[in-house]
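Data file: upload36.tsv. Format and content: TSV, N, CA and C atoms.
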```
chain	number	residue	atom	x	y	z
A	1237	MET	N	21.88	-0.67	15.20
A	1237	MET	CA	21.43	-1.87	15.89
A	1237	MET	C	22.33	-3.02	15.47
A	1238	ASN	N	22.86	-3.76	16.44
A	1238	ASN	CA	23.74	-4.86	16.05
A	1238	ASN	C	22.93	-6.06	15.58
A	1239	ALA	N	23.62	-7.02	14.94
A	1239	ALA	CA	22.95	-8.18	14.34
A	1239	ALA	C	22.20	-9.01	15.36
A	1240	LYS	N	22.74	-9.14	16.57
A	1240	LYS	CA	22.09	-9.94	17.60
A	1240	LYS	C	20.75	-9.33	18.00
A	1241	LYS	N	20.70	-8.03	18.21
A	1241	LYS	CA	19.45	-7.36	18.57
A	1241	LYS	C	18.46	-7.41	17.42
A	1242	LYS	N	18.94	-7.26	16.19
A	1242	LYS	CA	18.07	-7.30	15.03
A	1242	LYS	C	17.38	-8.66	14.90
A	1243	ALA	N	18.11	-9.74	15.15
A	1243	ALA	CA	17.56	-11.09	15.02
A	1243	ALA	C	16.43	-11.32	16.00
A	1244	GLY	N	16.56	-10.86	17.25
A	1244	GLY	CA	15.53	-11.05	18.26
A	1244	GLY	C	14.40	-10.06	18.13
A	1245	MET	N	14.68	-8.89	17.64
A	1245	MET	CA	13.78	-7.77	17.41
A	1245	MET	C	12.99	-7.30	18.62
A	1246	GLY	N	12.54	-8.13	19.51
A	1246	GLY	CA	11.84	-7.65	20.69
A	1246	GLY	C	10.46	-7.12	20.40
A	1247	LYS	N	10.00	-6.23	21.27
A	1247	LYS	CA	8.64	-5.70	21.21
A	1247	LYS	C	8.44	-4.73	20.05
A	1248	GLN	N	7.30	-4.85	19.38
A	1248	GLN	CA	6.95	-3.92	18.32
A	1248	GLN	C	6.06	-2.82	18.87
A	1249	VAL	N	6.03	-1.69	18.20
A	1249	VAL	CA	5.17	-0.58	18.56
A	1249	VAL	C	3.85	-0.76	17.81
A	1250	GLY	N	2.80	-1.09	18.55
A	1250	GLY	CA	1.51	-1.43	17.95
A	1250	GLY	C	0.95	-0.36	17.04
A	1251	ALA	N	1.03	0.90	17.45
A	1251	ALA	CA	0.49	1.98	16.64
A	1251	ALA	C	1.20	2.08	15.29
A	1252	LEU	N	2.51	1.90	15.32
A	1252	LEU	CA	3.27	1.96	14.07
A	1252	LEU	C	2.94	0.77	13.18
A	1253	VAL	N	2.82	-0.41	13.76
A	1253	VAL	CA	2.46	-1.60	13.00
A	1253	VAL	C	1.09	-1.39	12.33
A	1254	SER	N	0.13	-0.87	13.08
A	1254	SER	CA	-1.20	-0.61	12.52
A	1254	SER	C	-1.13	0.41	11.39
A	1255	GLY	N	-0.38	1.47	11.60
A	1255	GLY	CA	-0.25	2.49	10.57
A	1255	GLY	C	0.39	1.96	9.30
A	1256	LEU	N	1.40	1.13	9.45
A	1256	LEU	CA	2.04	0.53	8.28
A	1256	LEU	C	1.11	-0.45	7.59
A	1257	ASN	N	0.32	-1.19	8.34
A	1257	ASN	CA	-0.66	-2.10	7.74
A	1257	ASN	C	-1.69	-1.32	6.92
A	1258	VAL	N	-2.14	-0.19	7.45
A	1258	VAL	CA	-3.09	0.66	6.72
A	1258	VAL	C	-2.44	1.22	5.46
A	1259	LEU	N	-1.21	1.68	5.58
A	1259	LEU	CA	-0.50	2.24	4.43
A	1259	LEU	C	-0.31	1.18	3.34
A	1260	ARG	N	0.08	-0.03	3.73
A	1260	ARG	CA	0.23	-1.12	2.76
A	1260	ARG	C	-1.11	-1.45	2.09
A	1261	TYR	N	-2.17	-1.49	2.89
A	1261	TYR	CA	-3.51	-1.77	2.37
A	1261	TYR	C	-3.89	-0.74	1.32
A	1262	MET	N	-3.69	0.53	1.65
A	1262	MET	CA	-4.06	1.61	0.73
A	1262	MET	C	-3.22	1.56	-0.54
A	1263	ALA	N	-1.97	1.17	-0.43
A	1263	ALA	CA	-1.10	1.08	-1.61
A	1263	ALA	C	-1.58	-0.01	-2.56
A	1264	ARG	N	-2.22	-1.05	-2.03
A	1264	ARG	CA	-2.71	-2.15	-2.87
A	1264	ARG	C	-4.13	-1.94	-3.36
A	1265	ALA	N	-4.85	-0.99	-2.77
A	1265	ALA	CA	-6.27	-0.79	-3.12
A	1265	ALA	C	-6.40	-0.29	-4.56
A	1266	PRO	N	-7.20	-0.99	-5.38
A	1266	PRO	CA	-7.33	-0.58	-6.79
A	1266	PRO	C	-8.23	0.64	-6.98
A	1267	GLN	N	-9.01	0.99	-5.95
A	1267	GLN	CA	-9.91	2.15	-6.02
A	1267	GLN	C	-10.05	2.73	-4.62
A	1268	PRO	N	-10.63	3.93	-4.49
A	1268	PRO	CA	-10.82	4.51	-3.16
A	1268	PRO	C	-11.61	3.58	-2.24
A	1269	VAL	N	-11.23	3.56	-0.98
A	1269	VAL	CA	-11.85	2.68	0.02
A	1269	VAL	C	-12.22	3.53	1.23
A	1270	GLY	N	-13.41	3.26	1.80
A	1270	GLY	CA	-13.86	3.98	2.97
A	1270	GLY	C	-13.19	3.50	4.26
A	1271	VAL	N	-13.26	4.34	5.26
A	1271	VAL	CA	-12.64	4.04	6.56
A	1271	VAL	C	-13.16	2.73	7.14
A	1272	SER	N	-14.47	2.52	7.11
A	1272	SER	CA	-15.05	1.31	7.70
A	1272	SER	C	-14.52	0.05	7.03
A	1273	GLN	N	-14.39	0.08	5.72
A	1273	GLN	CA	-13.88	-1.09	4.99
A	1273	GLN	C	-12.42	-1.35	5.33
A	1274	VAL	N	-11.63	-0.28	5.36
A	1274	VAL	CA	-10.21	-0.43	5.70
A	1274	VAL	C	-10.09	-1.02	7.11
A	1275	ALA	N	-10.85	-0.46	8.05
A	1275	ALA	CA	-10.79	-0.93	9.44
A	1275	ALA	C	-11.13	-2.41	9.53
A	1276	ARG	N	-12.17	-2.83	8.83
A	1276	ARG	CA	-12.56	-4.26	8.84
A	1276	ARG	C	-11.45	-5.13	8.27
A	1277	ASP	N	-10.94	-4.73	7.12
A	1277	ASP	CA	-9.94	-5.55	6.43
A	1277	ASP	C	-8.61	-5.60	7.17
A	1278	VAL	N	-8.24	-4.52	7.84
A	1278	VAL	CA	-6.97	-4.47	8.57
A	1278	VAL	C	-7.15	-4.93	10.02
A	1279	GLU	N	-8.42	-5.09	10.41
A	1279	GLU	CA	-8.78	-5.57	11.75
A	1279	GLU	C	-8.33	-4.63	12.87
A	1280	ILE	N	-8.72	-3.35	12.70
A	1280	ILE	CA	-8.52	-2.35	13.75
A	1280	ILE	C	-9.83	-1.60	13.95
A	1281	ARG	N	-9.94	-0.87	15.03
A	1281	ARG	CA	-11.15	-0.10	15.31
A	1281	ARG	C	-11.30	1.03	14.30
A	1282	PRO	N	-12.55	1.32	13.90
A	1282	PRO	CA	-12.78	2.40	12.93
A	1282	PRO	C	-12.21	3.75	13.39
A	1283	SER	N	-12.32	4.08	14.66
A	1283	SER	CA	-11.80	5.37	15.13
A	1283	SER	C	-10.28	5.42	15.01
A	1284	THR	N	-9.62	4.31	15.29
A	1284	THR	CA	-8.16	4.24	15.14
A	1284	THR	C	-7.80	4.36	13.67
A	1285	CYS	N	-8.54	3.66	12.83
A	1285	CYS	CA	-8.30	3.71	11.39
A	1285	CYS	C	-8.47	5.13	10.86
A	1286	PHE	N	-9.53	5.80	11.29
A	1286	PHE	CA	-9.77	7.17	10.86
A	1286	PHE	C	-8.59	8.06	11.21
A	1287	ASN	N	-8.11	7.95	12.44
A	1287	ASN	CA	-6.99	8.79	12.88
A	1287	ASN	C	-5.70	8.46	12.14
A	1288	LEU	N	-5.48	7.19	11.87
A	1288	LEU	CA	-4.30	6.81	11.10
A	1288	LEU	C	-4.38	7.35	9.68
A	1289	LEU	N	-5.55	7.20	9.04
A	1289	LEU	CA	-5.72	7.72	7.68
A	1289	LEU	C	-5.57	9.23	7.64
A	1290	LYS	N	-6.14	9.91	8.63
A	1290	LYS	CA	-6.04	11.37	8.69
A	1290	LYS	C	-4.56	11.78	8.80
A	1291	THR	N	-3.81	11.08	9.61
A	1291	THR	CA	-2.40	11.38	9.78
A	1291	THR	C	-1.62	11.10	8.49
A	1292	LEU	N	-1.94	10.00	7.83
A	1292	LEU	CA	-1.27	9.68	6.57
A	1292	LEU	C	-1.55	10.73	5.51
A	1293	VAL	N	-2.76	11.28	5.50
A	1293	VAL	CA	-3.11	12.36	4.58
A	1293	VAL	C	-2.31	13.62	4.94
A	1294	GLN	N	-2.27	13.96	6.22
A	1294	GLN	CA	-1.53	15.15	6.66
A	1294	GLN	C	-0.05	15.04	6.34
A	1295	GLU	N	0.47	13.84	6.39
A	1295	GLU	CA	1.89	13.61	6.07
A	1295	GLU	C	2.13	13.44	4.57
A	1296	ARG	N	1.05	13.57	3.79
A	1296	ARG	CA	1.09	13.48	2.33
A	1296	ARG	C	1.58	12.13	1.82
A	1297	LEU	N	1.22	11.08	2.56
A	1297	LEU	CA	1.57	9.72	2.13
A	1297	LEU	C	0.43	9.07	1.36
A	1298	ILE	N	-0.79	9.56	1.57
A	1298	ILE	CA	-1.96	9.12	0.80
A	1298	ILE	C	-2.81	10.35	0.51
A	1299	ASP	N	-3.73	10.21	-0.44
A	1299	ASP	CA	-4.63	11.30	-0.79
A	1299	ASP	C	-6.03	11.01	-0.25
A	1300	PHE	N	-6.78	12.07	0.02
A	1300	PHE	CA	-8.17	11.95	0.47
A	1300	PHE	C	-9.08	12.35	-0.67
A	1301	ASP	N	-10.04	11.49	-0.98
A	1301	ASP	CA	-11.03	11.77	-2.02
A	1301	ASP	C	-12.35	12.10	-1.31
A	1302	PRO	N	-12.78	13.38	-1.29
A	1302	PRO	CA	-13.99	13.75	-0.56
A	1302	PRO	C	-15.26	13.14	-1.12
A	1303	VAL	N	-15.23	12.63	-2.33
A	1303	VAL	CA	-16.41	12.01	-2.93
A	1303	VAL	C	-16.55	10.64	-2.35
```

Here is the file; what I need is its structure written in the form of structure tokens.
Amino acid sequence: MNAKKKAGMGKQVGALVSGLNVLRYMARAPQPVGVSQVARDVEIRPSTCFNLLKTLVQERLIDFDPV
């Protein structure tokens, strides 16, 4: 990507932005956090949050604590 395109950046991919926000949130969380809390704090729908978290677990970027 050239410098001119980088400066303007254009349209973002919403799903990726949401996923990165969830990943950043989880990286800062001092203890395990439930889906509903993450969704509220990141301001996304719980079903979207659940699917993003599930994908992050499948990709081994975060861990799931069944307790």

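Residue nearest Ala1275 in chain A within the list A:Leu1252, A:Thr1291, A:Asn1257, A:Ala1263: A:Asn1257 [criterion: smallest interatomic distance, only C-alpha atoms].
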
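The space between atom N of Gln1267 in chain A and atom N of Gly1250 in chain A spans 27.3 Å.
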
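Note that atom N of Pro1266 in chain A and atom N of Glu1295 in chain A are 20.4 Å apart.
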
Excluding same-chain residues fewer than 6 positions from Val1258 in chain A, what lies within 8 Å of it counting only N, CA and C atoms, as an MDAnalysis selection string?
chainID A and resid 1252 1264 1274:1275 1278 1285 1288:1289

Pairwise distance, CA of Ser1272 in chain A with atom C of Val1293 in chain A, equals 17.9 Å

As JSON, please: the centre and edge lengths in Å, to one decimal, of an axis-aligned box enclosing every listed atom of range 1288-1301 of chain A with 5 Å added on each side.
```
{"center_x": -5.1, "center_y": 11.0, "center_z": 4.9, "size_x": 24.5, "size_y": 18.3, "size_z": 23.9}
```

- Step one, run DSSP on the backbone; step two, keep only residues of chain A assigned to alpha helix (DSSP H); then write them as an MDAnalysis selection string. chainID A and resid 1239:1244 1250:1264 1271:1278 1282:1294

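Each of A:Gln1248, A:Val1269, A:Ser1283, A:Ser1254 was compared to Pro1302 in chain A using only C-alpha atoms, and A:Val1269 turns out to be the nearest.
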
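Candidate residues A:Lys1290, A:Asp1277, A:Val1303, A:Gly1246 were compared for distance to Ala1265 in chain A, and the nearest is A:Asp1277, using only C-alpha atoms.
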